Amino acid sequence: RARGDAAAALRLLQAEADGQAARRAEREAQREKRAEAAVRLEGLARRMEELLARQERWFAAGGVANELAWLAALERSERLAEVEQELFRLNATVTAGLSEAEQARLDVWLSELDEAALRAESAGAERAWREAEAERGRQLELLGRARQRLEQLLRDGDRQRLIGEREAAAAALEALIDRYAVLAVSMTMIRRTKRIMEEQRQPAVLREASRLMNRLTEGRYKRILLREDVGAIALEAADGRTVESGFLSRGAAEQLYLAMRFALADEAAAAHALPLLLDDPFVNFDRDRQRAAADVLGELAERRQIVFFTCHDPMRELLLERIPAAKLVELAR
């Protein structure tokens with residue numbers, strides 16, 4: 001029981017200590033709030049002093065002693081500003097477009113003449129203005145008629161001139177058409193004669209190379225041309241285009257080289273069928289070019305012996321397939 005009373009007493013003491021801590025925290029919070037309120041109050045007091053000082057300056061500038069007198073002075077000032085603005089607008093309306101001399105004369109009239117005299121002057125000026133406007137209308141009408149007549153005369157002159165120019169242009173065009181027809185026929189005949197001369201007088205080596213090139217390219221190029229004017233070799237495509245050898249792809253250039261080489265070899269072996277030694281000349285060809293080249297080799301092999309060296313198994317198989325009479329000889333490693 002004594003231990004129970006002691007535990008209860010400890011709990012009471014703990015509760016009292018917690019309550020005191022809470023009250024201290026609350027007092028501290030209240031103290032901080034009072035400090036913040038004092039700072040705000042001090043700022044408001046300074047602001048009030050500034051506003052009172054500004055009010056005193058405004059009262060002194062307006063020559064008044066209190067707020068009611070200040071409001072009355074402010075209202076008079078606003079009315080005065082409106083009057084001055086209206087006066088400025090009226091002056092601008094009255095003097096708009098007038099020179100300095102005319103403005104001076106207007107000031108004299110306003111200062112020396114009464115309303116009746118000003119009305120009489122205004123009526124006279126209006127009559128003079130209407131008469132001037134009527135005369136201006138008559139002059140404009142005369143000017144319009146003269147301008148219309150001038151334009152009509154110019155149109156008639158331009159029409160005759162343009163008709164003459166059209167007839168001259170038509171005659172020149174007919175002459176140019178006749179000359180073009182003659183030149184076109186002449187150019188066609190010259191080109192046809194040139195082609196016939198090239199085809200008929202082409203050397204046998206070049207004719208044979210052209211035939212082999214046609215087979216190697218499967219008809220893409222049909223003839224080899226020797227451009228004597230520029231000292232170069234060109235190819236005539238199936239669609240009639242001419243392609244210089246320098247613009248050929250690598251594969252087409254090597255096909256051209258092989259065609260020339262085979263044709264020269266045939267020409268050199270006209271008397272004696274010498275064997276032809278080839279060392280993998282198709283290595284840079286794609287599969288289609290290799291097949292076409294193998295077919296050409298098959299044709300050449302019918303006229304002479306060909307020794308073809310290769311280290312590529314696909315090339316060996318292709319030659320054995322495309323040239324049935326080919327013999328395989330494997331060299332010792």
# chains A, B, ... in the order shown; residues from 1 in each chain; ligands from 1
$ select_by_dssp --residues "range 165-296 of chain A" --states "helix (DSSP H, G or I)" --output "ChimeraX atom specification"
/A:165-200,204-216,245-247,250-268,287-296
$ residues_around --residues "Ile306 in chain A" --least-positions-apart "2" --cutoff "10 Å" --atoms "only C-alpha atoms" --output "list in words"
Leu274, Pro275, Leu276, Leu277, Leu278, Leu297, Gly298, Leu300, Ala301, Glu302, Arg303, Arg304, Phe308, Phe309 and Ala326 of chain A
$ residues_around --residues "range 310-316 of chain A" --least-positions-apart "6" --cutoff "10 Å" --atoms "only C-alpha atoms" --output "ChimeraX atom specification"
/A:278-283,287,290-291,294,328,330
$ closest_residue --among "A:Leu13, A:Asn91, A:Tyr257, A:Ala60" --to "Ile233 in chain A" --atoms "only C-alpha atoms"
A:Tyr257
$ residues_around --residues "Phe59 in chain A" --least-positions-apart "2" --cutoff "12 Å" --atoms "only C-alpha atoms" --output "PDB file with N, CA, C and O atoms, in the first residue's frame"
ATOM      1  N   LEU A  52       0.432  62.505 -41.018  1.00  0.00           N
ATOM      2  CA  LEU A  52       0.090  63.826 -40.462  1.00  0.00           C
ATOM      3  C   LEU A  52       1.011  64.900 -41.025  1.00  0.00           C
ATOM      4  O   LEU A  52       0.575  66.017 -41.344  1.00  0.00           O
ATOM      5  N   ALA A  53       2.306  64.552 -41.181  1.00  0.00           N
ATOM      6  CA  ALA A  53       3.252  65.522 -41.744  1.00  0.00           C
ATOM      7  C   ALA A  53       2.895  65.833 -43.186  1.00  0.00           C
ATOM      8  O   ALA A  53       2.938  67.004 -43.626  1.00  0.00           O
ATOM      9  N   ARG A  54       2.532  64.788 -43.946  1.00  0.00           N
ATOM     10  CA  ARG A  54       2.143  65.027 -45.340  1.00  0.00           C
ATOM     11  C   ARG A  54       0.875  65.876 -45.398  1.00  0.00           C
ATOM     12  O   ARG A  54       0.753  66.777 -46.247  1.00  0.00           O
ATOM     13  N   GLN A  55      -0.087  65.636 -44.480  1.00  0.00           N
ATOM     14  CA  GLN A  55      -1.318  66.443 -44.455  1.00  0.00           C
ATOM     15  C   GLN A  55      -1.006  67.907 -44.174  1.00  0.00           C
ATOM     16  O   GLN A  55      -1.562  68.815 -44.811  1.00  0.00           O
ATOM     17  N   GLU A  56      -0.072  68.142 -43.254  1.00  0.00           N
ATOM     18  CA  GLU A  56       0.302  69.521 -42.942  1.00  0.00           C
ATOM     19  C   GLU A  56       0.914  70.200 -44.168  1.00  0.00           C
ATOM     20  O   GLU A  56       0.650  71.377 -44.435  1.00  0.00           O
ATOM     21  N   ARG A  57       1.744  69.465 -44.911  1.00  0.00           N
ATOM     22  CA  ARG A  57       2.356  70.057 -46.108  1.00  0.00           C
ATOM     23  C   ARG A  57       1.291  70.389 -47.146  1.00  0.00           C
ATOM     24  O   ARG A  57       1.337  71.431 -47.796  1.00  0.00           O
ATOM     25  N   ALA A  61       0.401  74.014 -48.624  1.00  0.00           N
ATOM     26  CA  ALA A  61       0.444  74.332 -50.045  1.00  0.00           C
ATOM     27  C   ALA A  61      -0.882  74.895 -50.534  1.00  0.00           C
ATOM     28  O   ALA A  61      -0.912  75.773 -51.410  1.00  0.00           O
ATOM     29  N   GLY A  62      -2.009  74.397 -49.971  1.00  0.00           N
ATOM     30  CA  GLY A  62      -3.321  74.902 -50.392  1.00  0.00           C
ATOM     31  C   GLY A  62      -3.774  76.133 -49.631  1.00  0.00           C
ATOM     32  O   GLY A  62      -4.816  76.706 -49.959  1.00  0.00           O
ATOM     33  N   GLY A  63      -3.024  76.542 -48.621  1.00  0.00           N
ATOM     34  CA  GLY A  63      -3.407  77.726 -47.845  1.00  0.00           C
ATOM     35  C   GLY A  63      -4.669  77.525 -47.041  1.00  0.00           C
ATOM     36  O   GLY A  63      -5.480  78.460 -46.909  1.00  0.00           O
ATOM     37  N   VAL A  64      -4.871  76.326 -46.521  1.00  0.00           N
ATOM     38  CA  VAL A  64      -6.071  76.026 -45.733  1.00  0.00           C
ATOM     39  C   VAL A  64      -5.628  75.531 -44.356  1.00  0.00           C
ATOM     40  O   VAL A  64      -4.452  75.198 -44.138  1.00  0.00           O
ATOM     41  N   ALA A  65      -6.636  75.483 -43.428  1.00  0.00           N
ATOM     42  CA  ALA A  65      -6.307  75.127 -42.054  1.00  0.00           C
ATOM     43  C   ALA A  65      -6.873  73.788 -41.634  1.00  0.00           C
ATOM     44  O   ALA A  65      -6.418  73.215 -40.641  1.00  0.00           O
ATOM     45  N   ASN A  66      -7.875  73.275 -42.369  1.00  0.00           N
ATOM     46  CA  ASN A  66      -8.478  72.010 -41.956  1.00  0.00           C
ATOM     47  C   ASN A  66      -8.868  71.197 -43.195  1.00  0.00           C
ATOM     48  O   ASN A  66      -8.707  71.646 -44.342  1.00  0.00           O
ATOM     49  N   GLU A  67      -9.455  70.031 -42.915  1.00  0.00           N
ATOM     50  CA  GLU A  67      -9.769  69.108 -43.996  1.00  0.00           C
ATOM     51  C   GLU A  67     -10.900  69.603 -44.874  1.00  0.00           C
ATOM     52  O   GLU A  67     -10.878  69.447 -46.100  1.00  0.00           O
ATOM     53  N   LEU A  68     -11.927  70.243 -44.273  1.00  0.00           N
ATOM     54  CA  LEU A  68     -13.046  70.743 -45.078  1.00  0.00           C
ATOM     55  C   LEU A  68     -12.584  71.813 -46.059  1.00  0.00           C
ATOM     56  O   LEU A  68     -12.971  71.812 -47.235  1.00  0.00           O
ATOM     57  N   ALA A  69     -11.760  72.721 -45.555  1.00  0.00           N
ATOM     58  CA  ALA A  69     -11.239  73.764 -46.446  1.00  0.00           C
ATOM     59  C   ALA A  69     -10.370  73.142 -47.552  1.00  0.00           C
ATOM     60  O   ALA A  69     -10.374  73.604 -48.707  1.00  0.00           O
ATOM     61  N   TRP A  70      -9.620  72.090 -47.205  1.00  0.00           N
ATOM     62  CA  TRP A  70      -8.794  71.417 -48.212  1.00  0.00           C
ATOM     63  C   TRP A  70      -9.659  70.785 -49.298  1.00  0.00           C
ATOM     64  O   TRP A  70      -9.354  70.888 -50.492  1.00  0.00           O
ATOM     65  N   LEU A  71     -10.772  70.104 -48.942  1.00  0.00           N
ATOM     66  CA  LEU A  71     -11.663  69.501 -49.921  1.00  0.00           C
ATOM     67  C   LEU A  71     -12.278  70.555 -50.833  1.00  0.00           C
ATOM     68  O   LEU A  71     -12.414  70.354 -52.049  1.00  0.00           O
ATOM     69  N   ALA A  72     -12.650  71.712 -50.246  1.00  0.00           N
ATOM     70  CA  ALA A  72     -13.212  72.802 -51.059  1.00  0.00           C
ATOM     71  C   ALA A  72     -12.181  73.333 -52.047  1.00  0.00           C
ATOM     72  O   ALA A  72     -12.475  73.579 -53.231  1.00  0.00           O
ATOM     73  N   ALA A  73     -10.957  73.496 -51.597  1.00  0.00           N
ATOM     74  CA  ALA A  73      -9.898  73.983 -52.498  1.00  0.00           C
ATOM     75  C   ALA A  73      -9.623  72.967 -53.599  1.00  0.00           C
ATOM     76  O   ALA A  73      -9.380  73.333 -54.759  1.00  0.00           O
ATOM     77  N   LEU A  74      -9.649  71.673 -53.237  1.00  0.00           N
ATOM     78  CA  LEU A  74      -9.421  70.638 -54.236  1.00  0.00           C
ATOM     79  C   LEU A  74     -10.519  70.659 -55.294  1.00  0.00           C
ATOM     80  O   LEU A  74     -10.248  70.514 -56.494  1.00  0.00           O
TER      81      LEU A  74
END
$ atom_distance --atom1 "CA of Ala120 in chain A" --atom2 "CA of Glu100 in chain A"
23.4 Å
$ atom_distance --atom1 "CA of Tyr180 in chain A" --atom2 "CA of Leu162 in chain A"
26.0 Å
